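Student: I have a structure here, written as structure tokens, and I will follow up with some questions on it.
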Amino acid sequence: MVMALFAATAALYAIASGLYVHFLAKGSEGGASWASRVLFGAVACHLGFIATNWLVAGNEPTADIHQALAVLSLTVVLIFLLTARRRQRLQVLGAFITPVTLLLFLGAAFRRGVGPVPEEVRSALVPVHVGTNVLGLAAFAFAFAAGAAYVIQERQLRQKRLGGVFQRLPALDVLDTIGLRSVLVGFPLLTVGVVTGTMWAVQLTSSPLGLSASQGFGLLAWLLFAAVLLLRVAAGWRGRKAAIGAMLGFLMTMVVLAGYLARDALGGAG
Amino acid sequence: MSELFVVGMSYRTSPVEVRERLAVDAKALGDELEMLREVADLREAVLLTTCNRVEVYAGDPATREAALDAVTRWLGERAGEPVDTYVYQHVGLDAVRHAYRVASSLDSMVVGEPQILGQIKEAYGAAKQAGAVGALLDQAFTRAFSVAKRVRRDTEIAAGSVSISSIAGDLATKIFGDLRGRRVLLIGAGEMGEAAAKHLRKEGATLYIVNRSREKAETLAKEHGGHSRGLEEMAAELAQADVAIASTSSPRFVITPELMRGVIKARRHRPLFLIDIAVPRDVDPRVGEMDNVFVYDVDDLEQVAQANLGARRRAADEAEEIVQHEVRAFERWRQASDLKPVIVGLRQKVRGVLAAELERTLPRLPEMDGRQRKSLDKMVDAMTNKLLHHAVSELKEHAGTPEGQVMVENASRLFDLASGSTEERADAERVAEELEPAPGR
């Protein structure tokens with residue numbers, strides 16, 4: 001049951017991704033509405049997956065990194081659906097958001113029978129740590145999508161290729177603003193996430209120097225976002241470089257997540 | 001049988017001086033129509049005058065040849081010279097197709113331009129107000145409007161701008177999203193630059209103008225509702241502008257990378273859209289490689305215009321198919337409405353005879369009560385329908401063919417539909433009109 005729902009959700013996200021990319025590339029009539037219908041279906045399965053996984057299989061949404069990824073991908077897609085509902089022209093960003101959602105969601109699968117976080121490493125910090133990271137990463141997923149769209153759009157404008165893709169993507173300034181706001185929202189959340197995570201690690205090891213590689217990457221990603229934000233706000237950075245910076249920051253956080261997943265897969269804990 | 005016809009001239013067939021003289025003020029349109037209908041003996045007429053065409057659509061003349069001549073003569077008199085060599089004439093379905101093509105902007109100088117539909121609607125409205133629109137023109141024009149709407153909706157005929165100034169506006173919108181509150185800087189006073197600036201200003205941007213001659217800048221600023229600045233303030237203005245349009249007559253580059261380096265620093269990386277409309281160019285091509293600066297010159301814009309025009313032409317083929325389809329739909333309507341008088345006549349005739357015989361018999365049946373009487377009336381209706389059922393479906397099936405035409409004539413003759421008492425005929429006409437205002441005279 002849980003596996004079937006998982007497979008259905010992933011398949012629907014994959015189809016929706018294809019439809020959105022096709023819509024961006026070809027602009028077929030009604031393409032976006034089909035894509036969003038499939039995406040609604042995916043969200044329904046996704047909710048079903050989380051619910052059964054929790055109630056039937058007993059995995060709390062904040063139990064471990066896999067459950068957190070399921071929640072994170074759902075958060076991303078829900079924010080997107082709400083945004084696209086309010087502003088139809090942003091619908092096309094689904095071509096970037098939906099594949100990211102799919103990847104995050106797939107991360108929820110690589111479970112190798114590792115139980116939830118063991119009792120002795122549990123802490124009141126965990127829900128805060130997971131919650132803020134989920135919201136912060138969701139915001140950065142948007143910064144990534146807007147950044148990718150910006151880079152493409154800017155390239156088309158510079159190469160004077162003003163075809164359908166150029167017409168369908170939102171205006172440069174709109175994408176830049178989405179990128180800025182996403183980083184502005186995501187950064188404080190991720191900061192809380194990093195701080196609580198570090199505190200938790202210190203509690204566990206009683207040594208602030210015992211940082212693992214993935215924690216190090218997490219810090220690096222955080223620093224990158226800090227730099228992007230600082231350059232944007234203080235030095236007035238805009239456009240392509242800011243977009244690329246936000247994209248790199250998000251990719252870095254993905255490396256961190258991949259690190260956690262790999263560690264889990266290898267059976268390590270803590 | 002009455003038919004639609006059109007007599008007109010367009011930018012394709014006539015010089016503008018002639019069309020100019022035929023232009024009619026909207027207020028005078030009613031009177032002109034009145035005169036035209038009088039001299040050409042027309043029941044229905046619509047007069048369309050735009051800068052690219054002058055056309056008279058009419059229906060229902062006493063004799064078509066005479067009407068075509070009379071309309072052409074009337075145009076000639078008003079133009080002050082014979083117009084025979086300039087005019088084209090279309091009759092029947094060709095005239096319908098022409099109306100559809102004009103309304104859909106397929107016959108326009110810039111294919112897909114949106115104004116023509118409004119102009120036709122105005123002409124039609126004026127004619128309607130003057131009481132010059134009957135069933136035929138009414139059908140032709142209301143159908144033309146929906147054809148035009150369908151063409152715009154279902155094809156790419158109006159997609160993509162084709163003028164330099166609107167393309168510049170589109171691009172600016174694609175960079176900034178909304179132009180309200182954005183600053184547009186016009187450098188120099190070339191004609192095309194002015195047009196582009198005007199376009200951007202219409203979208204809500206504020207306009208600043210720098211020019212070598214301060215006076216000229218001030219005149220332009222007054223004319224377009226902008227602010228004028230001296231040439232020495234150009235760098236400072238560039239630092240604040242969102243869009244800059246360069247159209248000076250300078251032989252050298254006015255906007256150089258050296259100048260822009262300072263400007264970009266002052267702008268704090270805000271994007272700048274530079275439109276170089278000058279020939280020779282005002283903007284050093286190296287400026288286009290700088291971050292957050294987008295440079296488009298006349299050739300770039302011209303290329304976009306050509307590409308969009310090409311797309312419109314391709315869409316025009318699809319549009320012609322829609323028009324063709326709709327012309328056939330009009331044909332079917334015409335055929336159906338042509339049959340109406342015959343069918344109504346037949347029913348009247350048969351029912352009249354049956355009812356009269358019934359009236360004659362009833363006095364001999366005094367014991368009949370109201371309910372039974374009603375049953376007999378129903379029977380008369382049923383007999384009429386049964387008797388005529390096959391004839392009517394045959395007529396409908398052959399409508400529009402020569403055979404059908406013969407059938408209509410034979411039916412009229414066999415059932416003596418043309419004669420009959422005046423009363424009967426008046427009755428038949430009334431019924432026909434209730435069904436739908438028939439275009440028959």
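Note on naming: chains are A, B, ... as they come in the structure tokens, residues start from 1 per chain, ligands start from 1 in the order shown.
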Excluding Ser105 (chain B) and its own-chain neighbours fewer than 3 positions away, which residues fall within 12 Å of it when counting only C-alpha atoms? Please give them as a PyMOL selection string.

Tutor: chain B and resi 52+98-102+108-120+144-145+147-152+157-158+312-313+315-316+319-320+323

Student: Can you write just those residues out, C-alpha atoms, as a compact mmCIF listing (two decimals), in the first residue's frame?

Tutor:
```
# COMPACT_ATOMS: atom_id res chain seq x y z
CA ASN B 52 -6.73 51.72 -46.49
CA HIS B 98 -14.47 39.32 -48.99
CA ALA B 99 -16.32 40.70 -45.97
CA TYR B 100 -15.00 37.85 -43.82
CA ARG B 101 -11.43 38.35 -45.03
CA VAL B 102 -11.53 42.10 -44.43
CA SER B 108 -5.04 44.41 -44.37
CA MET B 109 -1.73 46.00 -45.22
CA VAL B 110 -0.38 44.60 -41.94
CA VAL B 111 -2.00 41.19 -41.72
CA GLY B 112 -3.52 40.65 -38.30
CA GLU B 113 -3.79 44.32 -37.32
CA PRO B 114 -6.63 44.81 -34.86
CA GLN B 115 -8.18 48.13 -35.93
CA ILE B 116 -10.15 46.96 -38.95
CA LEU B 117 -12.66 44.94 -36.95
CA GLY B 118 -13.58 48.00 -34.89
CA GLN B 119 -13.89 50.09 -38.04
CA ILE B 120 -16.24 47.59 -39.65
CA ALA B 144 -18.16 38.37 -40.23
CA PHE B 145 -17.59 39.62 -36.67
CA VAL B 147 -15.42 34.84 -38.02
CA ALA B 148 -12.91 37.58 -37.20
CA LYS B 149 -13.08 36.70 -33.52
CA ARG B 150 -12.57 33.04 -34.27
CA VAL B 151 -9.60 33.75 -36.53
CA ARG B 152 -7.97 35.85 -33.82
CA ILE B 157 -2.50 35.87 -36.88
CA ALA B 158 -2.25 38.65 -34.33
CA ARG B 312 1.45 35.89 -39.30
CA ARG B 313 1.61 34.94 -42.95
CA ALA B 315 -1.22 31.80 -39.71
CA ALA B 316 -3.06 33.49 -42.57
CA ALA B 319 -7.29 31.70 -41.26
CA GLU B 320 -8.27 31.33 -44.93
CA VAL B 323 -13.05 31.77 -43.71
```

Student: List as a tab-separated table every residue of chain B that is in contact with chain A, defined as an atom at most 12 Å from one of its atoms (using only C-alpha atoms), together with the nearest atom pair and the distance in Å rounded to one decimal, sorted by chain and then rising number.

Tutor:
```
residue	atom	partner	partner_atom	distance
B:Arg153	CA	A:Glu29	CA	11.6
B:Asp154	CA	A:Glu29	CA	10.2
B:Thr155	CA	A:Glu29	CA	11.4
B:Glu156	CA	A:Glu29	CA	11.9
B:Ala159	CA	A:Gln167	CA	10.7
B:Gly160	CA	A:Gln167	CA	9.5
B:Ser161	CA	A:Leu162	CA	11.7
B:Ile167	CA	A:Leu162	CA	10.7
B:Asp170	CA	A:Gln167	CA	9.7
B:Leu171	CA	A:Leu157	CA	8.7
B:Ala172	CA	A:Ala171	CA	9.1
B:Thr173	CA	A:Ala171	CA	7.0
B:Lys174	CA	A:Ala171	CA	4.4
B:Ile175	CA	A:Leu172	CA	4.8
B:Phe176	CA	A:Asp173	CA	5.0
B:Gly177	CA	A:Ala171	CA	5.0
B:Asp178	CA	A:Ala171	CA	8.7
B:Leu179	CA	A:Asp173	CA	10.9
B:Arg182	CA	A:Asp173	CA	12.0
B:Asp242	CA	A:Asp173	CA	11.2
B:Ile264	CA	A:Gly236	CA	11.2
B:Lys265	CA	A:Gly236	CA	10.0
B:Ala266	CA	A:Gly236	CA	10.4
B:Arg267	CA	A:Gly236	CA	8.8
B:Arg268	CA	A:Gly236	CA	5.4
B:His269	CA	A:Arg238	CA	5.9
B:Arg270	CA	A:Arg238	CA	6.4
B:Pro271	CA	A:Gly239	CA	7.4
B:Leu272	CA	A:Gly239	CA	11.1
B:Phe273	CA	A:Leu157	CA	10.5
B:Leu274	CA	A:Arg158	CA	11.8
B:Val287	CA	A:Arg158	CA	11.8
B:Gly288	CA	A:Arg158	CA	8.1
B:Glu289	CA	A:Arg158	CA	8.5
B:Met290	CA	A:Arg158	CA	10.3
B:Asp291	CA	A:Arg240	CA	8.0
B:Asn292	CA	A:Gly239	CA	6.6
B:Val293	CA	A:Arg158	CA	9.0
B:Phe294	CA	A:Arg158	CA	6.5
B:Val295	CA	A:Arg158	CA	8.0
B:Tyr296	CA	A:Lys160	CA	8.3
B:Asp297	CA	A:Lys160	CA	10.8
B:Asp299	CA	A:Lys160	CA	11.0
B:Asp300	CA	A:Lys160	CA	7.4
B:Leu301	CA	A:Lys160	CA	9.3
B:Glu302	CA	A:Lys160	CA	11.7
B:Gln303	CA	A:Lys160	CA	9.5
B:Val304	CA	A:Leu162	CA	7.7
B:Ala305	CA	A:Leu162	CA	10.9
B:Ala307	CA	A:Gly163	CA	9.4
B:Asn308	CA	A:Gly163	CA	9.6
B:Ala311	CA	A:Gly163	CA	10.9
```

Student: Of the candidates B:Glu394, B:Asp381, B:Glu403, B:Glu331, which one gets nearest to Arg347 (chain B) if we count only C-alpha atoms?

Tutor: B:Asp381

Student: Mind checking DSSP for region 227-378 of chain B and telling me the strand (DSSP E) residues as a CSV table (one decimal) with N, CA and C atoms, in the first residue's frame?

Tutor:
```csv
chain,number,residue,atom,x,y,z
B,227,HIS,N,10.3,65.0,-19.3
B,227,HIS,CA,11.2,66.0,-18.7
B,227,HIS,C,12.4,66.1,-19.6
B,228,SER,N,12.9,67.3,-19.8
B,228,SER,CA,14.1,67.5,-20.6
B,228,SER,C,15.3,67.7,-19.8
B,229,ARG,N,16.5,67.2,-20.3
B,229,ARG,CA,17.7,67.4,-19.6
B,229,ARG,C,18.8,67.8,-20.6
B,230,GLY,N,19.8,68.4,-20.1
B,230,GLY,CA,20.9,68.8,-21.0
B,230,GLY,C,21.8,67.6,-21.4
B,243,VAL,N,15.1,52.0,-19.4
B,243,VAL,CA,15.2,51.8,-20.8
B,243,VAL,C,15.8,53.1,-21.4
B,244,ALA,N,16.8,53.0,-22.3
B,244,ALA,CA,17.3,54.1,-23.0
B,244,ALA,C,17.2,53.9,-24.5
B,245,ILE,N,16.7,54.9,-25.2
B,245,ILE,CA,16.5,54.8,-26.6
B,245,ILE,C,17.5,55.8,-27.2
B,246,ALA,N,18.5,55.3,-28.0
B,246,ALA,CA,19.5,56.2,-28.6
B,246,ALA,C,19.1,56.4,-30.1
B,272,LEU,N,19.6,47.4,-17.6
B,272,LEU,CA,19.3,48.5,-18.5
B,272,LEU,C,19.1,48.0,-19.9
B,273,PHE,N,18.0,48.4,-20.5
B,273,PHE,CA,17.6,48.0,-21.8
B,273,PHE,C,17.9,49.1,-22.8
B,274,LEU,N,18.9,48.9,-23.6
B,274,LEU,CA,19.4,50.0,-24.5
B,274,LEU,C,18.9,49.7,-25.9
B,275,ILE,N,18.1,50.6,-26.5
B,275,ILE,CA,17.6,50.4,-27.8
B,275,ILE,C,18.3,51.4,-28.7
B,276,ASP,N,19.0,50.9,-29.7
B,276,ASP,CA,19.8,51.8,-30.5
B,276,ASP,C,19.1,51.9,-31.9
B,293,VAL,N,23.2,44.6,-19.1
B,293,VAL,CA,22.9,45.6,-20.1
B,293,VAL,C,22.5,44.8,-21.3
B,294,PHE,N,21.3,45.2,-21.9
B,294,PHE,CA,20.8,44.5,-23.1
B,294,PHE,C,20.7,45.5,-24.2
B,295,VAL,N,21.4,45.2,-25.3
B,295,VAL,CA,21.4,46.2,-26.4
B,295,VAL,C,20.7,45.6,-27.6
B,296,TYR,N,19.8,46.3,-28.1
B,296,TYR,CA,19.1,45.9,-29.4
B,296,TYR,C,19.3,47.1,-30.4
B,297,ASP,N,19.8,46.8,-31.6
B,297,ASP,CA,19.8,47.8,-32.6
B,297,ASP,C,18.7,47.6,-33.6
```

Student: Can you tell me, as an MDAnalysis selection string, what residues are no more than 10 Å from Gly80 (chain B) when counting only C-alpha atoms, ignoring any on the same chain fewer than 6 positions away?

Tutor: chainID B and resid 18 21:22 74

Student: Now that the selection is made, can you save its residues with N, CA and C atoms as a CSV table (one decimal), in the first residue's frame?

Tutor:
```csv
chain,number,residue,atom,x,y,z
B,18,VAL,N,-7.0,59.3,-54.0
B,18,VAL,CA,-8.4,59.0,-54.3
B,18,VAL,C,-9.2,58.6,-53.1
B,21,ARG,N,-10.2,61.4,-50.7
B,21,ARG,CA,-11.4,62.2,-51.1
B,21,ARG,C,-12.7,61.5,-50.8
B,22,LEU,N,-12.6,60.2,-50.6
B,22,LEU,CA,-13.8,59.4,-50.3
B,22,LEU,C,-14.1,59.2,-48.8
B,74,TRP,N,-21.3,56.6,-58.3
B,74,TRP,CA,-21.5,57.4,-57.1
B,74,TRP,C,-20.1,57.7,-56.5
```

Student: For Met192 (chain B), work out the shell of residues within 10 Å, counting only C-alpha atoms and skipping chain neighbours fewer than 5 positions away, then give it as number ranges by chain.

Tutor: B: 164-165, 197-198, 245-247, 277-278, 298

Student: Pull C-alpha atoms from the residues just selected and write them as a PDB file, in the first residue's frame.

Tutor:
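Saved result, result32.pdb, follows:
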```pdb
ATOM      1  CA  ILE B 164       9.776  48.587 -34.440  1.00  0.00           C
ATOM      2  CA  SER B 165       8.298  50.701 -31.672  1.00  0.00           C
ATOM      3  CA  ALA B 197       9.426  56.527 -26.566  1.00  0.00           C
ATOM      4  CA  LYS B 198       5.791  57.409 -27.128  1.00  0.00           C
ATOM      5  CA  ILE B 245      16.548  54.824 -26.615  1.00  0.00           C
ATOM      6  CA  ALA B 246      19.464  56.207 -28.601  1.00  0.00           C
ATOM      7  CA  SER B 247      18.584  57.918 -31.838  1.00  0.00           C
ATOM      8  CA  ILE B 277      17.662  53.080 -33.310  1.00  0.00           C
ATOM      9  CA  ALA B 278      20.292  55.381 -34.805  1.00  0.00           C
ATOM     10  CA  VAL B 298      17.604  48.523 -35.585  1.00  0.00           C
TER      11      VAL B 298
END
```

Student: Of the candidates A:Ala242, A:Val130, A:Leu251, A:Leu19, which shows the shortest atom-to-atom distance to Ile65 (chain A), using only C-alpha atoms?

Tutor: A:Val130

Student: Can you list every residue in region 130-264 of chain B that DSSP puts in helix (DSSP H, G or I), as an mmCIF file with C-alpha atoms, in the first residue's frame?

Tutor:
```
data_model
loop_
_atom_site.group_PDB
_atom_site.id
_atom_site.type_symbol
_atom_site.label_atom_id
_atom_site.label_comp_id
_atom_site.auth_asym_id
_atom_site.auth_seq_id
_atom_site.Cartn_x
_atom_site.Cartn_y
_atom_site.Cartn_z
ATOM 1 C CA ALA B 135 -31.653 40.571 -42.993
ATOM 2 C CA LEU B 136 -28.962 39.892 -45.577
ATOM 3 C CA LEU B 137 -26.374 42.445 -44.450
ATOM 4 C CA ASP B 138 -27.245 41.737 -40.858
ATOM 5 C CA GLN B 139 -26.393 38.067 -41.274
ATOM 6 C CA ALA B 140 -23.297 38.771 -43.355
ATOM 7 C CA PHE B 141 -21.856 41.279 -40.885
ATOM 8 C CA THR B 142 -22.686 39.626 -37.585
ATOM 9 C CA ARG B 143 -21.220 36.446 -39.027
ATOM 10 C CA ALA B 144 -18.161 38.369 -40.234
ATOM 11 C CA PHE B 145 -17.588 39.623 -36.675
ATOM 12 C CA SER B 146 -17.652 36.150 -35.228
ATOM 13 C CA VAL B 147 -15.421 34.836 -38.017
ATOM 14 C CA ALA B 148 -12.908 37.581 -37.195
ATOM 15 C CA LYS B 149 -13.082 36.695 -33.519
ATOM 16 C CA ARG B 150 -12.571 33.038 -34.267
ATOM 17 C CA VAL B 151 -9.605 33.746 -36.525
ATOM 18 C CA ARG B 152 -7.965 35.847 -33.820
ATOM 19 C CA ARG B 153 -8.624 33.210 -31.212
ATOM 20 C CA ASP B 154 -7.731 30.081 -33.150
ATOM 21 C CA ILE B 164 9.776 48.587 -34.440
ATOM 22 C CA SER B 165 8.298 50.701 -31.672
ATOM 23 C CA SER B 166 5.890 48.085 -30.377
ATOM 24 C CA ILE B 167 8.599 45.404 -30.494
ATOM 25 C CA ALA B 168 10.777 47.659 -28.371
ATOM 26 C CA GLY B 169 7.835 48.005 -25.994
ATOM 27 C CA ASP B 170 7.281 44.233 -25.870
ATOM 28 C CA LEU B 171 10.938 43.611 -25.093
ATOM 29 C CA ALA B 172 10.954 46.211 -22.348
ATOM 30 C CA THR B 173 7.927 44.481 -20.835
ATOM 31 C CA LYS B 174 9.694 41.120 -21.036
ATOM 32 C CA ILE B 175 12.582 42.577 -19.057
ATOM 33 C CA PHE B 176 10.784 44.705 -16.509
ATOM 34 C CA GLU B 191 11.674 59.977 -35.616
ATOM 35 C CA MET B 192 11.692 56.268 -34.808
ATOM 36 C CA GLY B 193 13.163 56.934 -31.390
ATOM 37 C CA GLU B 194 10.312 59.300 -30.685
ATOM 38 C CA ALA B 195 7.762 56.701 -31.776
ATOM 39 C CA ALA B 196 9.315 54.089 -29.493
ATOM 40 C CA ALA B 197 9.426 56.527 -26.566
ATOM 41 C CA LYS B 198 5.791 57.409 -27.128
ATOM 42 C CA HIS B 199 4.891 53.755 -27.087
ATOM 43 C CA LEU B 200 6.694 53.149 -23.789
ATOM 44 C CA ARG B 201 5.148 56.240 -22.285
ATOM 45 C CA LYS B 202 1.704 54.893 -23.150
ATOM 46 C CA ARG B 214 18.308 71.879 -25.110
ATOM 47 C CA GLU B 215 15.491 73.690 -26.879
ATOM 48 C CA LYS B 216 14.648 70.699 -29.004
ATOM 49 C CA ALA B 217 14.645 68.535 -25.871
ATOM 50 C CA GLU B 218 12.219 70.917 -24.244
ATOM 51 C CA THR B 219 9.884 70.967 -27.232
ATOM 52 C CA LEU B 220 9.825 67.178 -27.328
ATOM 53 C CA ALA B 221 9.323 66.964 -23.586
ATOM 54 C CA LYS B 222 6.330 69.259 -23.877
ATOM 55 C CA GLU B 223 4.917 67.352 -26.814
ATOM 56 C CA HIS B 224 5.115 63.924 -25.189
ATOM 57 C CA LEU B 231 23.380 66.578 -22.890
ATOM 58 C CA GLU B 232 25.929 66.924 -20.082
ATOM 59 C CA GLU B 233 23.527 65.079 -17.809
ATOM 60 C CA MET B 234 23.378 62.022 -20.052
ATOM 61 C CA ALA B 235 25.574 59.780 -17.877
ATOM 62 C CA ALA B 236 23.641 60.705 -14.739
ATOM 63 C CA GLU B 237 20.357 60.033 -16.504
ATOM 64 C CA LEU B 238 21.603 56.725 -17.887
ATOM 65 C CA ALA B 239 22.413 55.699 -14.341
ATOM 66 C CA GLN B 240 18.761 56.137 -13.405
ATOM 67 C CA PRO B 257 32.037 50.966 -22.710
ATOM 68 C CA GLU B 258 34.092 53.599 -20.849
ATOM 69 C CA LEU B 259 30.986 55.677 -20.223
ATOM 70 C CA MET B 260 28.940 52.601 -19.298
ATOM 71 C CA ARG B 261 31.441 51.289 -16.744
ATOM 72 C CA GLY B 262 30.773 54.311 -14.591
ATOM 73 C CA VAL B 263 27.066 54.137 -15.270
ATOM 74 C CA ILE B 264 26.804 50.462 -14.293
#
```

Student: So what do you get for CA of Ser104 (chain B) versus CA of Gly164 (chain A), distance-wise?

Tutor: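 Taking CA of Ser104 (chain B) and CA of Gly164 (chain A), their separation equals 23.7 Å.
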
Student: Pick from A:Val134, A:Ile152, A:Ile97, A:Ala42: nearest to Leu72 (chain A), with only C-alpha atoms counted?

Tutor: A:Val134

Student: Quick one: everything within 10 Å of Ala44 (chain A), counting only C-alpha atoms, minus sequence neighbours fewer than 6 positions away in the same chain. Send it as a PyMOL selection string.

Tutor: chain A and resi 5+9+38

Student: May I have the residues within 7 Å of His66 (chain A) as a list in words, using only C-alpha atoms and disregarding those fewer than 3 positions away in the same chain?

Tutor: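 Result of the neighbour search: Leu69, Ala70, Gly107, Ala108 and Ala109 of chain A.
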
Student: Expressed in Å to a single decimal, how great is the separation between CA of Gly404 (chain B) and CA of Ser337 (chain B)?

Tutor: 13.6 Å

Student: Quick one: everything within 7 Å of Ala132 (chain B), counting only C-alpha atoms, minus sequence neighbours fewer than 5 positions away in the same chain. Send it as an mmCIF file with C-alpha atoms, in the first residue's frame.

Tutor:
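The resulting file, out_6.cif, is reproduced below:
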```cif
data_model
loop_
_atom_site.group_PDB
_atom_site.id
_atom_site.type_symbol
_atom_site.label_atom_id
_atom_site.label_comp_id
_atom_site.auth_asym_id
_atom_site.auth_seq_id
_atom_site.Cartn_x
_atom_site.Cartn_y
_atom_site.Cartn_z
ATOM 1 C CA ARG B 43 -32.640 48.526 -49.786
ATOM 2 C CA GLU B 44 -29.565 47.591 -47.768
ATOM 3 C CA ALA B 45 -26.139 49.230 -47.690
ATOM 4 C CA ALA B 127 -25.780 51.793 -41.227
#
```
